[in-house]
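To keep things clear, I will list the structure first and then write my remarks on it.
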Amino acid sequence: MSGNVSSQRVGVFVCRCGKDIGGVVDVPALLEYIRGIPGVVFAEEDAFACSTTGLERIEDAIRSSNLERVVVAACTPRTHEAVFQSALEKAGLNKYLVEMANIREQCSWVHREKPMEATEKAKDLVRMAVVKACLLSPWEDPEVKQNPNVLVIGGGISGMSSSLSLASLGFHVHLVEREAELGGMLRSLHKLSPTMRDSSEFLEHMVKSVGNNPNIEVHMSSKVKSVTGAIGSFDVEVESEGAEKEAFNVGRVIVAIGSDILKPQGLYGYGRDERIITQLDLEEMLKNSDISGVGTVVMIQCAGSRCDERPYCSRICCNTALKNAQILRELNRDIDVYIVYRDLQTYGIESSALELKAKKNGVKLIRYQDGKPPVVTPGGDCVAVRVFSPTINEEMEFDADIVVLSTPLVPTEGAPEISEMLRLPLDDFGFFRETHQLSPLDFATEGVYVCGTARSPKDAVESTSEGLGVGSKAAENRLGRRRGRGAAFAEINDKKCSGCGICIELCPYNAIRKDEFGVSRADASLCGGCGVCAASCPERAITMHHFTDDQLEAQILATVGRRPEK
Amino acid sequence: MNGSVLVIGGGVAGLQASLGLANQGIKVHLIEKAPYIGGVMAQLDKTFPTMNCCICILEPMMIECYRHPNIEVHTLSEVVDVEGSKGNFTVRVVQRPRHVDPSRCTRCGACINVCPATVSDVFQTGFESRKAVYIPFPQAVPYAPSIDEGACLHFEGDECRACEEACPVDAISLGEREGVSTLNASSIIVATGLQQYDPTEMGEYGYNRYENVITSLEFERLVSPYGPTGGDLERPSDGKLAKRVAFVQCVGSRSHREGVPYCSGICCMYTAKEAVTVKEKHPDSEIYVFYIDVKAFGRDYQDLVNRARDELGVEYIRGKPGEIRENPLTQDLYVLYENTDTGEIGRKEVDLAVLSTAVLSRFENVSLAEALGVELDEFGFFRVEDPFLSPLETMREGIYVCGCSHGPRDISDSVTEASAVALKAVGDMRTAAGGSGG
């Protein structure tokens, strides 16, 4: 074991992060302390260690002081580890030989009012990082074979958009659609804002392009049964109606399974009176020009959204209502259209223009207050809608021929199954969640991407862009090297493993299997590095690289002021 | 693959597009008008709805771009002419002189110390001053000073050469001239970003008349830990900690009198974020948000608004204030409004008023559109040919738009579009090369 702490030449770089760390933590005192830690041969501060000059200083110090390990006392490795790793690489040191001590989030931010204690805690964190750094091992990211084929699940707008773009780059795409036709929700829509062109025009164009593209293999009326493997090589099983199961291998997976529109049973009398419908039903009526006898239409916004059960705004409903209201007015000037809304979610240029145009066309917008939703009374000659308007401080009443409920998009039924199959987390409502809002195209499982309304409500144009966006991500980094997971992965000592199988049950990445001798084997390319297996192994047969027992033990002992005894 | 792609604009959208291309092995020329990359996002404090530090997310991207072997960053540069067509554009780029050679500069700061010319610091939205030779912020990329010719005495006809003489490594050359280069690109991505509406013309709010009436971008600098106050919300008139703050929405947007008729789409959310920022730091502050509609249409957006309003006690008042008045003795402000929910006419006394100003197109779009041979819409944003059949494509084949160059949108949507156009640009390159196979 390389437990001899002082055998490594460690350089420590303390970042002031402007005043963010430096305004709380006593940096000179911290540095003085660090210089006394065994193994530390170099310690400096920087106003911003991550700036280009900061990185150059680190590179210079590695070269001039022959540093073997680097500790950066700064912010979180989540945003900045890769930046410092690049500095090590540039200076010719293996990039996994850097350890970060988070003295911003864990010291200066949370202990702003107690600078003395924050400084003491920073000393502890740096001491722990130094002992761990000494025990780090270099690691080379393995080359991974990359299958250039892509699986796209879902043949709606976003799925077709990413399939087409990837196919145009020469990738072979397996497009799996559960229905007998491509198009998804687009098939149910009448016209699309902002151009007000028929959705069928757009749909036909897309479907034709997909059909004509030799690089796209469409699996119609089909369902993905299983996906196993990891980035670069996923084994896929697809089941088709009346056909044999198909199996193929792909390097990337794109999930574009769309969403459903809420059927608001019981809400505002929906289900009790056929004159109370959803916007989707209205689209169908408009498609068939089936609006004879309609004189008054009342649309109710936020029907089932921005409420306790579904607190989110569904983004598209206000635009849908404005679009359909305008179409109704254009079809027949005698139709009165009232949109009863809370906060009008028009945004950007096109949608703001739609709002103005609808108003000019005589569509009436009536606001209702939170907690005072309209009251719908079905069953009469007309459907009565009463709403209190705060604008004029009066209750208004309408005799509607139809009441259109603007209901939100909700996750589709198949989402939980896909979520489990591909290890993709869902949000509180059941939509797929990205790793971080600001990297909207990166997801928990490497090589797997989600686009369109499966992620969150969005319109057709936005879905198209997102389909292209994930296509771009799927096309990136096809040159080999596995990224992201870094040096943390599980390795199982087959001589110690008793074959109890606890690790197999617990592994969230399905990375562990039993071999022919009945002992567990971990596949490093699948391992997510979470460490659950190592922590629960009764035989301590599992080594979590980059977080080894030795490293953690040394850190723990460092916090209580002792050194590991060897 | 041979050839390269030109990305115009070094804000978050341009950076994302460049990285997307470079990571597919494609050479990128990133053209930035300013001496530094980062764009507007570099000036912002936190992101919404996740409340992350903006620069902490942006800076790794700036550094990755600047150090990426496939990306060549051209600062102080502007595209003046484009010839050719998709697959084979010839682009003329004018590069204004930096007067400081970043490869020689040791960042010793001697030039900045001796420079006698002081001007208002645009990066800090005028809350601080800087020298004519300057680095706008500590994380700036490239991290080397540049000389602002508009502020430098030498370029006003003075004999001053103080910086040149002070530089110990001869990195400064006041004689450096503008350069013109010709670049080849198979496609062009436009990511010029946004600018904010100047609310001076809306006299009723007293911007530029009352010191304590500021814009939202100015607010971002005041709460940034890297800003002029180190993150304390000290109001401009007297440095007093502002604990009573009014946010006024739709200033210059959704308006047919001044500004623009459209909704900027981001103000409601950054205001919720800004209100939360103040409340988290000082729970006893009084915060008012004057609004028309609360627009919270993205993932977790409504949650952030609910948190501000229901958990932290930010008071949302429906109605656009008619006027802001100043108490000349205290420089406190009175916000006069009618609550359209209750009909009540009210007045709130506050320390600071923040105007959520409209997102406008960059004024350079006009000359750029001419150089590119593409159209702008009536508001100066780049026009997209057909949002469905050819999304993010301009009228001229091979020229794409992303981010706020074609209308206001938030960071998350801008970044998504940037990746999307990167894919289109790769497609063009393949078509040009006539290649096949992944």
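Labeling convention for the structure tokens: chains A, B, ... as they appear, residues from 1 per chain, ligands from 1 in order of appearance.
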Produce a table with one row for each residue of chain A that has an atom at most 6 Å from any atom of chain B, each row naming the nearest atom pair and its distance in Å at one decimal; use only C-alpha atoms; arrange rows by chain and rising residue number; format as JSON lines.
{"residue": "A:Ser51", "atom": "CA", "partner": "B:Gln139", "partner_atom": "CA", "distance": 5.0}
{"residue": "A:Pro148", "atom": "CA", "partner": "B:Gly438", "partner_atom": "CA", "distance": 5.8}
{"residue": "A:Leu169", "atom": "CA", "partner": "B:Gly427", "partner_atom": "CA", "distance": 5.5}
{"residue": "A:Gly170", "atom": "CA", "partner": "B:Gly437", "partner_atom": "CA", "distance": 4.4}
{"residue": "A:Phe171", "atom": "CA", "partner": "B:Gly438", "partner_atom": "CA", "distance": 4.9}
{"residue": "A:Tyr312", "atom": "CA", "partner": "B:Gln302", "partner_atom": "CA", "distance": 5.8}
{"residue": "A:Cys313", "atom": "CA", "partner": "B:Phe297", "partner_atom": "CA", "distance": 5.2}
{"residue": "A:Arg315", "atom": "CA", "partner": "B:Phe297", "partner_atom": "CA", "distance": 4.6}
{"residue": "A:Asp343", "atom": "CA", "partner": "B:Asp293", "partner_atom": "CA", "distance": 4.5}
{"residue": "A:Leu344", "atom": "CA", "partner": "B:Asp293", "partner_atom": "CA", "distance": 5.9}
{"residue": "A:Gln345", "atom": "CA", "partner": "B:Lys295", "partner_atom": "CA", "distance": 5.4}
{"residue": "A:Tyr347", "atom": "CA", "partner": "B:Gly265", "partner_atom": "CA", "distance": 4.6}
{"residue": "A:Gly348", "atom": "CA", "partner": "B:Cys263", "partner_atom": "CA", "distance": 5.4}
{"residue": "A:Ile349", "atom": "CA", "partner": "B:Tyr262", "partner_atom": "CA", "distance": 5.4}
{"residue": "A:Ser352", "atom": "CA", "partner": "B:Tyr262", "partner_atom": "CA", "distance": 5.0}
{"residue": "A:Pro390", "atom": "CA", "partner": "B:Asp341", "partner_atom": "CA", "distance": 5.1}
{"residue": "A:Thr391", "atom": "CA", "partner": "B:Thr340", "partner_atom": "CA", "distance": 5.9}
{"residue": "A:Leu438", "atom": "CA", "partner": "B:Ser412", "partner_atom": "CA", "distance": 5.3}
{"residue": "A:Val461", "atom": "CA", "partner": "B:Phe388", "partner_atom": "CA", "distance": 6.0}
{"residue": "A:Ser465", "atom": "CA", "partner": "B:Ala420", "partner_atom": "CA", "distance": 5.9}
{"residue": "A:Leu468", "atom": "CA", "partner": "B:Ala420", "partner_atom": "CA", "distance": 4.5}
{"residue": "A:Gly469", "atom": "CA", "partner": "B:Ala420", "partner_atom": "CA", "distance": 3.8}
{"residue": "A:Ser472", "atom": "CA", "partner": "B:Leu423", "partner_atom": "CA", "distance": 4.8}
{"residue": "A:Glu476", "atom": "CA", "partner": "B:Gln24", "partner_atom": "CA", "distance": 4.9}
{"residue": "A:Asn477", "atom": "CA", "partner": "B:Asn23", "partner_atom": "CA", "distance": 5.9}
May I have the selected residues written with N, CA and C atoms, as a compact mmCIF listing (two decimals), in the first residue's frame?
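And here's result04.txt as it stands now:
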# COMPACT_ATOMS: atom_id res chain seq x y z
N SER A 51 -9.02 30.96 -13.05
CA SER A 51 -8.82 31.87 -14.18
C SER A 51 -7.66 31.34 -15.02
N PRO A 148 -21.70 3.23 -34.09
CA PRO A 148 -22.22 4.50 -34.62
C PRO A 148 -23.74 4.53 -34.74
N LEU A 169 -26.10 12.97 -40.96
CA LEU A 169 -24.66 12.92 -40.69
C LEU A 169 -24.10 11.53 -41.00
N GLY A 170 -24.96 10.64 -41.46
CA GLY A 170 -24.47 9.31 -41.83
C GLY A 170 -24.65 8.25 -40.76
N PHE A 171 -25.25 8.60 -39.64
CA PHE A 171 -25.48 7.59 -38.60
C PHE A 171 -26.71 6.76 -38.96
N TYR A 312 -46.91 22.94 -11.75
CA TYR A 312 -46.17 23.52 -12.86
C TYR A 312 -47.09 24.18 -13.89
N CYS A 313 -46.52 25.14 -14.60
CA CYS A 313 -47.20 25.76 -15.75
C CYS A 313 -46.86 24.92 -16.96
N ARG A 315 -46.87 25.73 -20.07
CA ARG A 315 -46.15 26.49 -21.09
C ARG A 315 -46.89 26.72 -22.40
N ASP A 343 -52.60 34.04 -15.40
CA ASP A 343 -51.46 34.83 -15.87
C ASP A 343 -51.24 34.37 -17.30
N LEU A 344 -51.26 35.30 -18.21
CA LEU A 344 -51.14 34.92 -19.62
C LEU A 344 -49.68 34.57 -19.93
N GLN A 345 -49.45 33.33 -20.32
CA GLN A 345 -48.06 32.87 -20.53
C GLN A 345 -47.65 33.02 -21.99
N TYR A 347 -44.85 34.56 -24.36
CA TYR A 347 -43.47 34.97 -24.14
C TYR A 347 -42.77 35.05 -25.48
N GLY A 348 -41.86 35.99 -25.60
CA GLY A 348 -41.10 36.13 -26.83
C GLY A 348 -41.91 36.81 -27.92
N ILE A 349 -41.32 36.93 -29.07
CA ILE A 349 -41.89 37.78 -30.11
C ILE A 349 -43.12 37.17 -30.76
N SER A 352 -46.11 36.84 -28.32
CA SER A 352 -46.67 38.14 -27.97
C SER A 352 -47.49 38.69 -29.14
N PRO A 390 -61.60 40.74 -11.42
CA PRO A 390 -61.07 41.77 -10.52
C PRO A 390 -60.88 43.10 -11.26
N THR A 391 -60.72 43.01 -12.56
CA THR A 391 -60.46 44.24 -13.33
C THR A 391 -61.64 45.21 -13.21
N LEU A 438 -28.80 23.96 -16.69
CA LEU A 438 -27.96 24.72 -17.59
C LEU A 438 -27.15 23.83 -18.53
N VAL A 461 -42.11 23.89 -32.24
CA VAL A 461 -40.84 24.47 -32.68
C VAL A 461 -39.74 24.15 -31.66
N SER A 465 -36.21 21.90 -32.14
CA SER A 465 -34.86 22.36 -31.78
C SER A 465 -34.22 21.40 -30.79
N LEU A 468 -32.94 18.32 -32.41
CA LEU A 468 -31.65 18.57 -33.06
C LEU A 468 -30.54 18.68 -32.02
N GLY A 469 -30.87 19.34 -30.91
CA GLY A 469 -29.87 19.55 -29.85
C GLY A 469 -29.34 18.24 -29.31
N SER A 472 -27.12 16.50 -31.68
CA SER A 472 -25.76 17.02 -31.65
C SER A 472 -24.95 16.37 -30.54
N GLU A 476 -21.50 13.88 -30.59
CA GLU A 476 -20.23 14.31 -30.00
C GLU A 476 -19.42 13.15 -29.45
N ASN A 477 -18.13 13.36 -29.34
CA ASN A 477 -17.24 12.43 -28.64
C ASN A 477 -17.39 10.99 -29.07
Spatial neighbours of region 271-280 of chain A, 6 Å, only C-alpha atoms, chain gap at least 5 places, as a PyMOL selection string: chain A and resi 265+402-406
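In this comparison, which uses only C-alpha atoms, the residue of B:Gly239, B:Gly259, B:Gly39, B:Pro283 approaching Val12 (chain B) most closely is B:Gly39.
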Within 10 Å of Val354 (chain B) using only C-alpha atoms, minus same-chain residues under 3 positions, as a list in words: Tyr205, Tyr207, Asn212, Val213, Ile214, Thr215, Ser216, Leu217, Glu218, Phe219, Val245, Ala246, Phe247, Val248, Gln249, Val251, Thr271, Glu274, Val289 and Thr357 of chain B
Atom pair CA of Asn361 (chain A) / CA of Cys302 (chain A): separation (Å):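 CA of Asn361 (chain A) sits 22.8 Å away from CA of Cys302 (chain A).
Near region 18-24 of chain A, within 6 Å and counting only C-alpha atoms, sit Ala47, Arg104, Ser108 and Pro115 of chain A, not including residues fewer than 5 positions from it in the same chain.
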